[in-house]
$ cat target_2.csv   # CSV, C-alpha atoms
chain,number,residue,atom,x,y,z
C,2,MET,CA,115.6,149.5,-37.2
C,3,PRO,CA,119.4,149.1,-37.0
C,4,PRO,CA,120.6,146.4,-34.5
C,5,PHE,CA,121.5,147.5,-31.0
C,6,ALA,CA,125.2,148.2,-30.6
C,7,TYR,CA,127.1,148.0,-27.3
C,8,PRO,CA,129.1,151.1,-26.5
C,9,THR,CA,132.7,150.9,-27.4
C,10,PRO,CA,135.1,151.9,-24.5
C,11,GLU,CA,137.4,154.9,-25.1
C,12,PRO,CA,140.9,153.9,-26.1
C,13,THR,CA,143.4,154.2,-23.3
C,14,ASP,CA,147.1,155.1,-23.4
C,15,PRO,CA,149.0,151.8,-22.9
C,16,SER,CA,152.1,153.6,-21.5
C,17,SER,CA,150.0,155.5,-18.9
C,18,SER,CA,148.3,152.3,-17.9
C,19,ARG,CA,151.6,150.6,-17.3
C,20,GLU,CA,152.8,153.5,-15.2
C,21,GLU,CA,149.7,153.4,-13.1
C,22,SER,CA,150.0,149.6,-12.5
C,23,LYS,CA,153.6,150.0,-11.4
C,24,SER,CA,152.6,152.8,-9.0
C,25,ARG,CA,149.9,150.5,-7.4
C,26,LYS,CA,152.4,147.7,-7.0
C,27,ARG,CA,154.8,150.1,-5.2
C,28,ASP,CA,152.0,151.2,-2.9
C,29,ILE,CA,151.0,147.6,-2.1
C,30,SER,CA,154.6,146.6,-1.3
C,31,CYS,CA,155.1,149.6,1.0
C,32,SER,CA,151.9,148.8,2.8
C,33,THR,CA,153.0,145.2,3.3
C,34,ALA,CA,156.3,146.3,4.6
C,35,ASP,CA,154.7,148.5,7.2
C,36,THR,CA,152.6,145.7,8.6
C,37,ASP,CA,155.7,143.6,9.2
C,38,HIS,CA,156.7,146.0,12.0
C,39,GLU,CA,153.3,146.0,13.8
C,40,PRO,CA,153.2,144.4,17.2
C,41,SER,CA,151.9,140.8,17.3
C,42,LEU,CA,148.6,140.1,19.0
C,43,PRO,CA,148.8,138.4,22.4
C,44,VAL,CA,148.6,134.6,22.3
C,45,THR,CA,145.2,133.3,23.7
C,46,LYS,CA,145.7,130.9,26.6
C,47,ARG,CA,144.0,127.6,26.4
C,48,GLN,CA,141.0,127.2,28.7
C,49,LYS,CA,139.5,124.0,30.1
C,50,VAL,CA,135.8,123.7,29.3
C,51,LEU,CA,133.7,121.3,31.4
C,52,VAL,CA,130.5,119.9,29.8
C,53,GLN,CA,128.0,118.6,32.3
C,54,CYS,CA,125.8,115.7,31.6
C,55,GLY,CA,122.1,116.5,31.3
C,56,ASN,CA,119.8,115.4,34.0
C,57,LEU,CA,117.9,112.2,33.0
C,58,CYS,CA,114.2,111.9,33.8
C,59,TYR,CA,114.1,108.2,33.1
C,60,PRO,CA,116.4,105.3,34.3
C,61,ALA,CA,119.3,104.6,32.0
C,62,SER,CA,117.9,101.1,31.3
C,63,ARG,CA,114.9,102.7,29.5
C,64,TYR,CA,117.1,104.3,26.9
C,65,GLY,CA,118.0,102.6,23.7
C,66,GLY,CA,121.6,101.4,23.4
C,67,HIS,CA,122.1,101.3,27.2
C,68,ARG,CA,124.8,98.8,28.2
C,69,PRO,CA,124.9,97.7,31.8
C,70,SER,CA,128.2,97.4,33.5
C,71,LEU,CA,127.3,93.9,34.8
C,72,PRO,CA,125.1,91.1,33.3
C,73,ILE,CA,121.5,91.5,34.4
C,74,VAL,CA,119.8,88.6,36.3
C,75,ASN,CA,116.3,88.4,37.6
C,76,GLU,CA,115.6,89.0,41.3
C,77,ARG,CA,114.9,85.4,42.1
C,78,GLN,CA,118.2,84.2,40.7
C,79,ALA,CA,120.0,87.1,42.6
C,80,ILE,CA,118.4,86.1,45.9
C,81,ASN,CA,119.1,82.4,45.5
C,82,GLU,CA,122.8,83.0,44.6
C,83,LEU,CA,123.4,85.7,47.3
C,84,ALA,CA,121.6,83.6,49.9
C,85,GLU,CA,124.2,80.9,49.6
C,86,ILE,CA,126.9,83.4,50.5
C,87,TRP,CA,124.8,85.0,53.2
C,88,ASN,CA,124.0,81.6,54.9
C,89,ALA,CA,127.7,80.6,54.8
C,90,GLY,CA,128.5,83.5,57.1
C,91,ASP,CA,127.7,84.1,60.7
C,92,HIS,CA,124.5,86.0,60.8
C,93,SER,CA,122.8,84.3,63.7
C,94,GLN,CA,122.5,87.5,65.7
C,95,ASP,CA,120.9,89.4,62.8
C,96,GLU,CA,117.1,89.9,63.2
C,97,HIS,CA,116.8,90.6,59.4
C,98,ASN,CA,118.7,89.7,56.3
C,99,ILE,CA,119.9,93.1,55.1
C,100,TRP,CA,121.8,93.2,51.9
C,101,GLN,CA,123.3,96.3,50.2
C,102,LEU,CA,121.7,98.0,47.2
C,103,ASN,CA,124.0,100.4,45.3
C,104,ASP,CA,124.0,102.3,42.0
C,105,PHE,CA,120.2,102.3,42.2
C,106,VAL,CA,117.4,104.2,40.7
C,107,VAL,CA,113.8,104.2,41.7
C,108,TYR,CA,111.0,104.9,39.1
C,109,ARG,CA,107.4,104.5,38.4
C,110,GLU,CA,105.8,101.5,36.8
C,111,PRO,CA,105.2,101.4,33.0
C,112,GLY,CA,101.5,101.1,33.7
C,113,ALA,CA,101.3,104.2,35.9
C,114,TYR,CA,98.4,106.4,34.9
C,115,ARG,CA,100.8,109.4,34.8
C,116,HIS,CA,104.5,109.9,34.5
C,117,ALA,CA,105.1,106.3,33.6
C,118,ASN,CA,108.7,105.1,33.9
C,119,GLU,CA,109.8,108.4,35.3
C,120,LEU,CA,112.4,108.6,38.1
C,121,CYS,CA,110.8,109.7,41.5
C,122,PRO,CA,112.0,110.0,45.1
C,123,VAL,CA,111.6,106.8,47.0
C,124,HIS,CA,109.6,108.4,49.8
C,125,HIS,CA,106.8,109.0,47.4
C,126,LEU,CA,105.9,105.3,47.8
C,127,LYS,CA,102.3,105.1,49.1
C,128,SER,CA,102.4,108.8,50.0
C,129,GLU,CA,101.2,110.0,46.6
C,130,ASP,CA,97.9,109.0,45.1
C,131,GLY,CA,98.3,106.0,42.8
C,132,ILE,CA,101.9,105.0,43.8
C,133,ASN,CA,101.4,101.7,45.6
C,134,ASP,CA,104.5,100.1,44.0
C,135,LEU,CA,107.7,101.4,42.5
C,136,LEU,CA,110.5,99.7,40.5
C,137,PHE,CA,114.2,99.8,41.1
C,138,ASP,CA,117.4,99.0,39.1
C,139,GLY,CA,120.7,98.5,40.9
C,140,THR,CA,123.3,96.1,42.2
C,141,LEU,CA,122.6,93.8,45.2
C,142,SER,CA,125.7,92.7,47.2
C,143,VAL,CA,126.6,90.3,50.0
C,144,ASP,CA,130.3,90.6,51.0
C,145,ASN,CA,132.1,90.9,47.7
C,146,GLU,CA,129.5,89.2,45.6
C,147,VAL,CA,127.4,91.5,43.4
C,148,ARG,CA,124.3,90.8,41.2
C,149,SER,CA,122.8,93.4,39.0
C,150,VAL,CA,119.0,93.5,38.6
C,151,GLN,CA,116.4,95.7,36.8
C,152,ALA,CA,112.8,96.6,37.1
C,153,VAL,CA,112.3,95.0,40.5
C,154,PRO,CA,108.9,95.9,42.0
C,155,PHE,CA,108.7,96.8,45.7
C,156,GLY,CA,106.0,98.2,48.0
C,157,CYS,CA,107.6,98.6,51.4
C,158,LEU,CA,110.0,101.3,52.7
C,159,ALA,CA,111.4,101.2,56.2
C,160,ILE,CA,113.5,104.0,57.9
C,161,GLU,CA,116.0,103.1,60.6
C,162,GLY,CA,117.4,105.3,63.3
C,163,TYR,CA,114.4,106.3,65.4
C,164,GLY,CA,115.3,106.7,69.1
C,165,ASP,CA,119.0,106.2,68.5
C,166,GLU,CA,121.4,108.7,70.1
C,167,SER,CA,123.4,108.5,66.9
C,168,ASP,CA,122.4,110.8,64.0
C,169,VAL,CA,122.7,108.0,61.5
C,170,VAL,CA,119.6,107.5,59.4
C,171,SER,CA,119.2,104.7,56.9
C,172,ALA,CA,116.5,103.2,54.8
C,173,CYS,CA,115.6,99.8,53.4
C,174,ILE,CA,113.1,98.6,50.8
C,175,GLN,CA,111.6,95.2,50.5
C,176,SER,CA,110.1,93.4,47.5
C,177,SER,CA,107.4,90.6,47.6
C,178,LEU,CA,110.1,88.0,46.9
C,179,GLY,CA,112.4,89.5,49.6
C,180,ARG,CA,109.5,89.3,52.1
C,181,LYS,CA,109.3,85.6,51.6
C,182,GLY,CA,113.0,85.2,52.7
C,183,ASN,CA,113.0,88.1,55.2
C,184,VAL,CA,115.4,90.0,53.0
C,185,TRP,CA,115.7,93.7,53.0
C,186,TYR,CA,117.7,95.9,50.6
C,187,GLN,CA,119.5,98.7,52.3
C,188,LEU,CA,119.8,101.8,50.2
C,189,GLY,CA,123.4,102.8,49.8
C,190,ARG,CA,125.0,104.7,46.9
C,191,PRO,CA,122.5,106.0,44.3
C,192,ALA,CA,123.3,106.1,40.6
C,193,ASN,CA,124.5,109.4,39.3
C,194,GLU,CA,121.2,110.2,37.5
C,195,TYR,CA,119.2,109.5,40.7
C,196,ALA,CA,121.3,111.3,43.2
C,197,ARG,CA,119.2,114.5,43.1
C,198,TYR,CA,116.1,112.5,43.8
C,199,TYR,CA,117.6,110.6,46.6
C,200,ASP,CA,118.9,113.7,48.3
C,201,VAL,CA,115.3,114.8,48.7
C,202,SER,CA,114.4,111.5,50.2
C,203,ARG,CA,117.3,111.5,52.6
C,204,TRP,CA,116.2,114.9,53.9
C,205,MET,CA,112.8,113.6,54.5
C,206,PHE,CA,114.2,110.5,56.3
C,207,ARG,CA,116.1,112.7,58.7
C,208,PHE,CA,113.1,115.0,59.2
C,209,ALA,CA,110.9,112.0,60.1
C,210,LYS,CA,113.5,110.8,62.7
C,211,TYR,CA,113.7,114.2,64.4
C,212,VAL,CA,109.9,114.7,64.4
C,213,VAL,CA,109.3,111.3,66.0
C,214,GLU,CA,111.9,111.9,68.7
C,215,PHE,CA,110.6,115.4,69.3
C,216,LEU,CA,107.1,114.0,69.9
C,217,GLU,CA,108.4,111.3,72.2
C,218,ASP,CA,110.5,113.6,74.3
C,219,SER,CA,107.9,116.4,74.5
C,220,GLY,CA,105.0,114.2,75.6
C,221,PRO,CA,101.4,114.9,74.9
C,222,PRO,CA,99.8,117.2,73.9
C,223,VAL,CA,102.0,118.6,71.2
C,224,THR,CA,100.3,121.4,69.3
C,225,LEU,CA,101.4,122.8,66.0
C,226,LYS,CA,102.2,126.1,67.7
C,227,LEU,CA,104.5,124.3,70.1
C,228,PHE,CA,106.1,122.4,67.3
C,229,ARG,CA,106.8,125.6,65.4
C,230,ARG,CA,108.3,127.3,68.4
C,231,LEU,CA,110.5,124.5,69.8
C,232,PHE,CA,111.4,122.0,67.1
C,233,HIS,CA,114.4,123.9,65.6
C,234,SER,CA,116.0,124.5,69.0
C,235,TYR,CA,115.3,120.9,70.0
C,236,VAL,CA,117.1,119.5,67.0
C,237,ASN,CA,119.9,122.0,67.3
C,238,GLU,CA,120.4,121.2,71.0
C,239,LYS,CA,120.4,117.4,70.6
C,240,TYR,CA,122.2,117.0,67.3
C,241,GLY,CA,123.7,120.5,66.6
C,242,LEU,CA,127.3,119.2,66.7
C,243,SER,CA,126.6,116.7,64.0
C,244,ILE,CA,127.9,117.6,60.5
C,245,ALA,CA,124.9,115.8,58.9
C,246,THR,CA,122.5,117.8,61.1
C,247,LYS,CA,124.2,121.1,60.3
C,248,GLU,CA,123.9,120.3,56.6
C,249,TRP,CA,120.2,119.3,57.1
C,250,LEU,CA,119.5,122.6,58.9
C,251,SER,CA,121.3,124.8,56.4

$ encode --input "target_2.csv" --output "structure tokens"
Amino acid sequence: MPPFAYPTPEPTDPSSSREESKSRKRDISCSTADTDHEPSLPVTKRQKVLVQCGNLCYPASRYGGHRPSLPIVNERQAINELAEIWNAGDHSQDEHNIWQLNDFVVYREPGAYRHANELCPVHHLKSEDGINDLLFDGTLSVDNEVRSVQAVPFGCLAIEGYGDESDVVSACIQSSLGRKGNVWYQLGRPANEYARYYDVSRWMFRFAKYVVEFLEDSGPPVTLKLFRRLFHSYVNEKYGLSIATKEWLS
């Protein structure tokens, strides 16, 4: 069998090929010239894009690589150092030693049987099954002195403002070490990742204040039907001009 031979292309006319090539070049140059006169596209304006931080479910101190803004000290050291400053001032009229707690987060203990180390609203303390103690991170301050602490356990929550004509409602927490020195930590500014949790607690604090005052002013017996019918109008009449109350009712 003879070997397979590839087909040989038909010979072309060199002169005709050159003419065809010149014609294509002229067409391309004309096409390019036409595009030079086309209107330019509008310039896209720059736009500012905001990227929001994701919501954390755990305190920042539980993430690897976290760098606190201040050196961390244990609670005992913080109490001893801040007590010197507190005692140097005039607090003879104060019934309790109330220090400020800012940039705080509240979360479950590592040994919790569910949702260990997760952030949670502070009013869940002793109101949900199994939550007898919680932990907090934050900065304790007396005057201008600040101490940063982490993983401080506490089991007591107190709400202030019952019976006051003012609409101000505040909350304090107390640890076992704080109880020995009659020291309370007043909840101030929460950390950014904890703000959405604390907003829920603040709503509950104000609700508790209004309920207690409604019960006191109404006198017994107060039925659920009476509460449903009169509570909203009672709050609106007593605190309706308050901006905080308007936000709470909205």

$ closest_residue --input "target_2.csv" --among "C:Lys46, C:Arg197, C:Arg63, C:Arg148" --to "Pro122 of chain C" --atoms "all atoms listed in the file"
C:Arg197

$ closest_residue --input "target_2.csv" --among "C:Trp87, C:Trp185, C:Tyr163, C:Tyr195" --to "Ala61 of chain C" --atoms "all atoms listed in the file"
C:Tyr195

$ residues_around --input "target_2.csv" --residues "Val106 of chain C" --least-positions-apart "2" --cutoff "12 Å" --atoms "all atoms listed in the file" --output "count of residues only"
41

$ atom_distance --input "target_2.csv" --atom1 "atom CA of Ala172 of chain C" --atom2 "atom CA of Ala245 of chain C"
15.7 Å

$ closest_residue --input "target_2.csv" --among "C:Trp204, C:Glu96, C:Asp134, C:Val213" --to "Gly112 of chain C" --atoms "all atoms listed in the file"
C:Asp134

$ atom_distance --input "target_2.csv" --atom1 "atom CA of Ser176 of chain C" --atom2 "atom CA of His125 of chain C"
15.9 Å

$ residues_around --input "target_2.csv" --residues "Glu82 of chain C" --least-positions-apart "2" --cutoff "12 Å" --atoms "all atoms listed in the file" --output "PyMOL selection string"
chain C and resi 74-80+84-89+141-143+146-149

$ atom_distance --input "target_2.csv" --atom1 "atom CA of Asp91 of chain C" --atom2 "atom CA of Gln187 of chain C"
18.7 Å

$ closest_residue --input "target_2.csv" --among "C:Leu225, C:Val212, C:Leu231, C:Met205" --to "Gly164 of chain C" --atoms "only C-alpha atoms"
C:Val212
